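In what follows, a single structure is set out as C-alpha coordinates and then discussed.
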Amino acid sequence: MALEVRHTTDGGSGACGGGSGGRERVLRIEPHTCVAAVSDDDSADRFLARLLCDDRPGRAVSVQGLDPRADPAAVRRLVGVVSVGMPLPEVMVHEALVAAGRHKGLSPETATQRTADLTDVLGLRAVERVPVSGLSPGQRSRAALGCALLHVPKLLLLCHLLDDVDSTSEKIICRVLSRYTASTGTVVFSTRSWQTAHSMADRAFAVHDGEMCLACRSAAL
(Lines give C-alpha, C1' and ligand atoms only; values in the text may rest on other atoms or scores of the structure.)
Protein backbone atom coordinates (compact mmCIF):
# COMPACT_ATOMS: atom_id res chain seq x y z
CA MET A 1 0.00 0.00 0.00
CA ALA A 2 1.45 3.39 -0.97
CA LEU A 3 -0.49 5.25 1.72
CA GLU A 4 -2.89 4.23 4.45
CA VAL A 5 -4.65 6.63 6.82
CA ARG A 6 -6.77 5.42 9.72
CA HIS A 7 -8.82 7.74 11.90
CA THR A 8 -10.85 6.33 14.74
CA THR A 9 -13.45 8.66 16.22
CA ASP A 10 -15.34 8.42 19.49
CA GLY A 11 -18.76 8.92 17.90
CA GLY A 12 -20.97 11.98 18.00
CA SER A 13 -22.48 13.94 15.16
CA GLY A 14 -20.57 15.63 12.39
CA ALA A 15 -20.63 16.74 8.78
CA CYS A 16 -19.37 13.38 7.58
CA GLY A 17 -22.26 11.35 8.84
CA GLY A 18 -22.99 11.29 12.53
CA GLY A 19 -23.99 8.52 14.83
CA SER A 20 -23.12 7.13 18.19
CA GLY A 21 -20.28 4.91 19.19
CA GLY A 22 -16.77 4.78 17.81
CA ARG A 23 -16.17 4.43 14.10
CA GLU A 24 -13.11 4.16 11.89
CA ARG A 25 -12.46 5.91 8.60
CA VAL A 26 -9.79 4.25 6.50
CA LEU A 27 -8.19 5.63 3.36
CA ARG A 28 -6.06 3.16 1.40
CA ILE A 29 -4.22 4.32 -1.70
CA GLU A 30 -2.62 1.78 -4.01
CA PRO A 31 0.76 2.38 -5.67
CA HIS A 32 0.79 4.12 -9.06
CA THR A 33 -2.52 5.91 -8.60
CA CYS A 34 -3.53 9.57 -8.58
CA VAL A 35 -6.00 10.57 -5.85
CA ALA A 36 -7.69 13.93 -5.22
CA ALA A 37 -8.61 15.37 -1.82
CA VAL A 38 -11.43 17.84 -2.46
CA SER A 39 -12.81 20.65 -0.31
CA ASP A 40 -14.33 24.06 -0.97
CA ASP A 41 -12.07 25.69 1.64
CA ASP A 42 -8.58 24.96 2.99
CA SER A 43 -9.60 21.66 4.61
CA ALA A 44 -7.91 19.47 1.98
CA ASP A 45 -4.72 21.53 2.26
CA ARG A 46 -4.70 21.12 6.04
CA PHE A 47 -5.30 17.39 5.68
CA LEU A 48 -2.22 17.01 3.47
CA ALA A 49 -0.07 19.44 5.47
CA ARG A 50 -0.38 17.50 8.71
CA LEU A 51 -0.64 14.04 7.21
CA LEU A 52 2.91 12.99 8.10
CA CYS A 53 3.15 14.74 11.46
CA ASP A 54 -0.27 14.24 12.99
CA ASP A 55 0.08 12.58 16.40
CA ARG A 56 -3.49 13.04 17.60
CA PRO A 57 -5.11 10.03 19.32
CA GLY A 58 -6.95 7.76 16.92
CA ARG A 59 -4.76 8.61 13.93
CA ALA A 60 -2.43 6.16 12.21
CA VAL A 61 -0.57 6.75 8.95
CA SER A 62 1.58 4.40 6.92
CA VAL A 63 3.71 5.34 3.89
CA GLN A 64 5.05 2.36 1.96
CA GLY A 65 4.59 0.37 5.16
CA LEU A 66 6.53 2.87 7.31
CA ASP A 67 5.15 4.87 10.24
CA PRO A 68 6.16 8.55 9.91
CA ARG A 69 6.28 8.87 13.70
CA ALA A 70 8.60 5.88 14.11
CA ASP A 71 10.96 6.62 11.21
CA PRO A 72 10.44 10.21 10.02
CA ALA A 73 13.75 10.41 8.13
CA ALA A 74 13.00 7.34 6.04
CA VAL A 75 9.51 8.61 5.22
CA ARG A 76 10.82 12.04 4.22
CA ARG A 77 13.07 10.34 1.67
CA LEU A 78 10.02 8.64 0.17
CA VAL A 79 7.85 11.74 -0.10
CA GLY A 80 7.89 14.86 -2.28
CA VAL A 81 5.77 17.79 -1.13
CA VAL A 82 4.34 20.96 -2.63
CA SER A 83 3.15 22.89 0.41
CA VAL A 84 0.38 25.46 0.67
CA GLY A 85 1.41 28.62 -1.16
CA MET A 86 4.17 26.77 -3.03
CA PRO A 87 7.04 28.29 -1.01
CA LEU A 88 10.26 28.47 -3.01
CA PRO A 89 13.57 30.19 -2.26
CA GLU A 90 13.81 33.64 -3.82
CA VAL A 91 16.52 32.69 -6.30
CA MET A 92 16.57 31.78 -9.98
CA VAL A 93 14.52 28.76 -11.02
CA HIS A 94 17.61 26.69 -11.83
CA GLU A 95 19.11 27.40 -8.42
CA ALA A 96 15.85 26.58 -6.65
CA LEU A 97 15.68 23.17 -8.33
CA VAL A 98 19.29 22.31 -7.60
CA ALA A 99 18.88 23.43 -3.98
CA ALA A 100 15.83 21.17 -3.59
CA GLY A 101 17.86 18.18 -4.73
CA ARG A 102 20.80 19.03 -2.48
CA HIS A 103 18.43 19.44 0.47
CA LYS A 104 17.25 15.86 -0.12
CA GLY A 105 20.82 14.56 -0.05
CA LEU A 106 21.65 14.38 -3.76
CA SER A 107 25.20 15.01 -4.87
CA PRO A 108 25.85 18.30 -6.73
CA GLU A 109 26.30 16.39 -9.98
CA THR A 110 23.10 14.38 -9.61
CA ALA A 111 21.07 17.42 -8.54
CA THR A 112 22.35 19.40 -11.53
CA GLN A 113 21.63 16.59 -14.01
CA ARG A 114 18.11 16.00 -12.69
CA THR A 115 17.48 19.75 -12.73
CA ALA A 116 18.42 19.85 -16.41
CA ASP A 117 16.11 16.92 -17.18
CA LEU A 118 13.15 18.35 -15.25
CA THR A 119 13.66 21.82 -16.70
CA ASP A 120 13.01 20.34 -20.12
CA VAL A 121 10.19 18.02 -19.06
CA LEU A 122 8.35 20.83 -17.24
CA GLY A 123 8.84 23.39 -20.00
CA LEU A 124 10.92 25.73 -17.81
CA ARG A 125 13.94 26.18 -20.06
CA ALA A 126 12.91 29.71 -21.07
CA VAL A 127 12.66 30.82 -17.44
CA GLU A 128 15.42 28.81 -15.77
CA ARG A 129 17.45 32.00 -15.18
CA VAL A 130 14.42 34.02 -14.06
CA PRO A 131 13.95 34.72 -10.34
CA VAL A 132 11.17 32.69 -8.75
CA SER A 133 9.39 35.95 -7.87
CA GLY A 134 9.02 36.69 -11.60
CA LEU A 135 7.15 33.51 -12.49
CA SER A 136 3.51 33.33 -13.49
CA PRO A 137 1.23 31.15 -11.30
CA GLY A 138 1.44 28.29 -13.78
CA GLN A 139 5.23 28.51 -14.05
CA ARG A 140 5.50 28.58 -10.26
CA SER A 141 3.37 25.42 -10.05
CA ARG A 142 5.68 23.70 -12.52
CA ALA A 143 8.79 24.84 -10.65
CA ALA A 144 7.34 23.66 -7.33
CA LEU A 145 6.54 20.28 -8.85
CA GLY A 146 10.09 20.05 -10.15
CA CYS A 147 11.47 20.69 -6.66
CA ALA A 148 9.24 17.95 -5.24
CA LEU A 149 10.37 15.48 -7.92
CA LEU A 150 14.14 16.07 -7.76
CA HIS A 151 14.89 13.17 -5.39
CA VAL A 152 12.51 10.79 -7.23
CA PRO A 153 10.07 10.16 -4.36
CA LYS A 154 7.56 7.31 -4.19
CA LEU A 155 4.71 9.56 -2.99
CA LEU A 156 3.81 13.12 -3.97
CA LEU A 157 1.62 15.30 -1.73
CA LEU A 158 0.58 18.36 -3.74
CA CYS A 159 -1.41 21.32 -2.41
CA HIS A 160 -3.53 23.02 -5.09
CA LEU A 161 -0.97 22.45 -7.82
CA LEU A 162 -3.62 22.38 -10.56
CA ASP A 163 -5.94 25.14 -9.37
CA ASP A 164 -5.83 28.52 -11.16
CA VAL A 165 -3.09 27.63 -13.64
CA ASP A 166 -3.02 28.43 -17.35
CA SER A 167 -3.98 25.77 -19.87
CA THR A 168 -0.38 25.19 -21.00
CA SER A 169 0.81 24.59 -17.44
CA GLU A 170 -2.16 22.35 -16.74
CA LYS A 171 -1.36 20.16 -19.74
CA ILE A 172 2.32 19.91 -18.80
CA ILE A 173 1.60 19.11 -15.15
CA CYS A 174 -1.01 16.50 -16.03
CA ARG A 175 1.37 14.86 -18.51
CA VAL A 176 4.23 14.77 -15.99
CA LEU A 177 2.04 13.35 -13.23
CA SER A 178 0.60 10.74 -15.57
CA ARG A 179 4.09 9.56 -16.49
CA TYR A 180 5.14 9.64 -12.85
CA THR A 181 2.27 7.44 -11.67
CA ALA A 182 2.82 5.03 -14.55
CA SER A 183 6.52 4.57 -13.85
CA THR A 184 7.47 5.65 -10.35
CA GLY A 185 4.97 6.46 -7.62
CA THR A 186 1.70 7.73 -6.25
CA VAL A 187 0.08 11.19 -6.18
CA VAL A 188 -2.33 12.75 -3.70
CA PHE A 189 -3.33 16.32 -4.54
CA SER A 190 -5.73 18.81 -3.00
CA THR A 191 -8.17 20.83 -5.06
CA ARG A 192 -11.30 22.92 -4.69
CA SER A 193 -12.67 21.61 -7.97
CA TRP A 194 -14.55 18.34 -8.42
CA GLN A 195 -14.14 18.89 -12.14
CA THR A 196 -10.35 18.87 -11.76
CA ALA A 197 -10.59 15.79 -9.57
CA HIS A 198 -12.68 13.93 -12.13
CA SER A 199 -10.46 14.90 -15.05
CA MET A 200 -7.15 14.10 -13.37
CA ALA A 201 -7.57 11.57 -10.56
CA ASP A 202 -8.28 7.85 -10.44
CA ARG A 203 -10.17 8.34 -7.16
CA ALA A 204 -11.36 11.25 -5.04
CA PHE A 205 -12.56 11.83 -1.51
CA ALA A 206 -14.04 14.83 0.23
CA VAL A 207 -12.40 16.59 3.16
CA HIS A 208 -14.30 18.63 5.74
CA ASP A 209 -12.77 20.51 8.66
CA GLY A 210 -9.39 18.97 7.86
CA GLU A 211 -10.63 15.38 8.01
CA MET A 212 -11.38 12.86 5.28
CA CYS A 213 -15.10 12.31 4.80
CA LEU A 214 -15.30 8.93 3.20
CA ALA A 215 -18.97 8.63 4.09
CA CYS A 216 -19.80 11.84 2.24
CA ARG A 217 -18.38 11.52 -1.22
CA SER A 218 -15.72 8.94 -1.88
CA ALA A 219 -15.68 6.66 -4.86
CA ALA A 220 -13.65 5.52 -7.78
CA LEU A 221 -14.14 8.02 -10.57
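By convention in this document, the chains of the C-alpha coordinates carry letters A, B, ... by their order, each chain's residues are numbered from 1, and ligands are numbered from 1 in the order they are shown.
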In region 17-51 of chain A, DSSP helix (DSSP H, G or I) residues written as JSON, numbers by chain: {"A": [43, 44, 45, 46, 47, 48, 49]}
12 Å contact set for Ala70 (chain A), only C-alpha atoms, chain neighbours under 4 positions out, as JSON, numbers by chain: {"A": [52, 53, 55, 60, 61, 62, 63, 65, 66, 74, 75, 76]}
Surrounding residues of Ala148 (chain A) excluding itself and chain neighbours under 6 positions, 10 Å, only C-alpha atoms, as a PyMOL selection string: chain A and resi 79-83+97+100-101+104+142+155-158
Now that the selection is made, can you save its residues with all heavy atoms as a CSV table (one decimal), in the first residue's frame?
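File produced: again-v9.csv:
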chain,number,residue,atom,x,y,z
A,79,VAL,N,8.9,10.8,0.2
A,79,VAL,CA,7.9,11.7,-0.1
A,79,VAL,C,8.4,13.0,-0.7
A,79,VAL,O,9.4,13.6,-0.3
A,79,VAL,CB,7.0,12.1,1.2
A,79,VAL,CG1,5.9,13.0,0.9
A,79,VAL,CG2,6.5,10.8,1.8
A,80,GLY,N,7.7,13.5,-1.7
A,80,GLY,CA,7.9,14.9,-2.3
A,80,GLY,C,6.7,15.7,-2.0
A,80,GLY,O,5.5,15.2,-2.2
A,81,VAL,N,6.9,17.0,-1.6
A,81,VAL,CA,5.8,17.8,-1.1
A,81,VAL,C,5.8,19.1,-1.8
A,81,VAL,O,6.8,19.8,-2.0
A,81,VAL,CB,5.9,18.0,0.4
A,81,VAL,CG1,4.8,19.0,0.9
A,81,VAL,CG2,5.8,16.7,1.2
A,82,VAL,N,4.6,19.6,-2.3
A,82,VAL,CA,4.3,21.0,-2.6
A,82,VAL,C,3.4,21.5,-1.6
A,82,VAL,O,2.2,21.1,-1.5
A,82,VAL,CB,3.7,21.1,-4.0
A,82,VAL,CG1,3.3,22.6,-4.3
A,82,VAL,CG2,4.7,20.6,-5.1
A,83,SER,N,3.9,22.4,-0.7
A,83,SER,CA,3.2,22.9,0.4
A,83,SER,C,2.2,24.0,0.0
A,83,SER,O,2.3,24.5,-1.1
A,83,SER,CB,4.1,23.4,1.5
A,83,SER,OG,5.0,22.4,1.9
A,97,LEU,N,15.8,24.6,-8.1
A,97,LEU,CA,15.7,23.2,-8.3
A,97,LEU,C,16.9,22.4,-7.8
A,97,LEU,O,16.8,21.4,-7.1
A,97,LEU,CB,15.5,22.9,-9.8
A,97,LEU,CG,14.1,23.3,-10.4
A,97,LEU,CD1,14.2,23.4,-11.9
A,97,LEU,CD2,13.1,22.4,-9.9
A,100,ALA,N,16.8,22.2,-4.1
A,100,ALA,CA,15.8,21.2,-3.6
A,100,ALA,C,16.4,19.8,-3.6
A,100,ALA,O,16.3,19.0,-2.7
A,100,ALA,CB,14.6,21.2,-4.4
A,101,GLY,N,17.2,19.5,-4.7
A,101,GLY,CA,17.9,18.2,-4.7
A,101,GLY,C,18.9,18.0,-3.7
A,101,GLY,O,19.1,17.0,-3.0
A,104,LYS,N,17.7,17.2,-0.3
A,104,LYS,CA,17.3,15.9,-0.1
A,104,LYS,C,18.4,14.9,-0.1
A,104,LYS,O,18.2,13.7,-0.2
A,104,LYS,CB,16.2,15.5,-1.2
A,104,LYS,CG,14.9,16.1,-1.0
A,104,LYS,CD,14.2,15.6,0.2
A,104,LYS,CE,12.7,16.1,0.3
A,104,LYS,NZ,12.0,15.5,1.4
A,142,ARG,N,4.8,24.6,-11.9
A,142,ARG,CA,5.7,23.7,-12.5
A,142,ARG,C,7.0,23.6,-11.8
A,142,ARG,O,7.6,22.6,-11.6
A,142,ARG,CB,5.9,24.1,-14.0
A,142,ARG,CG,4.7,23.7,-14.9
A,142,ARG,CD,5.0,24.1,-16.3
A,142,ARG,NE,4.5,25.4,-16.7
A,142,ARG,CZ,5.1,26.1,-17.7
A,142,ARG,NH1,6.1,25.6,-18.4
A,142,ARG,NH2,4.6,27.3,-17.9
A,155,LEU,N,6.0,9.0,-3.3
A,155,LEU,CA,4.7,9.6,-3.0
A,155,LEU,C,4.8,11.1,-3.1
A,155,LEU,O,5.7,11.7,-2.5
A,155,LEU,CB,4.2,9.2,-1.6
A,155,LEU,CG,3.0,9.8,-1.1
A,155,LEU,CD1,1.8,9.4,-1.9
A,155,LEU,CD2,2.7,9.5,0.4
A,156,LEU,N,3.9,11.7,-3.8
A,156,LEU,CA,3.8,13.1,-4.0
A,156,LEU,C,2.6,13.6,-3.3
A,156,LEU,O,1.5,13.1,-3.5
A,156,LEU,CB,3.7,13.5,-5.4
A,156,LEU,CG,5.0,13.5,-6.3
A,156,LEU,CD1,4.7,13.8,-7.7
A,156,LEU,CD2,6.1,14.4,-5.7
A,157,LEU,N,2.7,14.6,-2.4
A,157,LEU,CA,1.6,15.3,-1.7
A,157,LEU,C,1.6,16.7,-2.2
A,157,LEU,O,2.5,17.5,-2.0
A,157,LEU,CB,1.8,15.3,-0.2
A,157,LEU,CG,1.9,13.9,0.4
A,157,LEU,CD1,2.2,14.0,1.9
A,157,LEU,CD2,0.7,13.0,0.2
A,158,LEU,N,0.6,17.1,-3.0
A,158,LEU,CA,0.6,18.4,-3.7
A,158,LEU,C,-0.6,19.2,-3.4
A,158,LEU,O,-1.8,18.8,-3.6
A,158,LEU,CB,0.5,18.1,-5.2
A,158,LEU,CG,1.6,17.0,-5.8
A,158,LEU,CD1,1.3,16.8,-7.2
A,158,LEU,CD2,3.0,17.5,-5.5
Among listed residues A:Glu128, A:Glu170, A:Asp71, A:Asp209, nearest Val98 (chain A) (using only C-alpha atoms):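 When distances to Val98 (chain A) are compared using only C-alpha atoms, the smallest one comes from A:Glu128.
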Which residue of A:Pro72, A:Ile172, A:Arg23, A:Val84 approaches Asp120 (chain A) most closely, using only C-alpha atoms: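 Going through A:Pro72, A:Ile172, A:Arg23, A:Val84 one by one, the smallest distance to Asp120 (chain A) is for A:Ile172.
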Option closest in space to Phe47 (chain A), from A:Glu90, A:Val5, A:Glu109, A:Asp164 [counting only C-alpha atoms]: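 Between A:Glu90, A:Val5, A:Glu109, A:Asp164, the residue approaching Phe47 (chain A) most closely is A:Val5.
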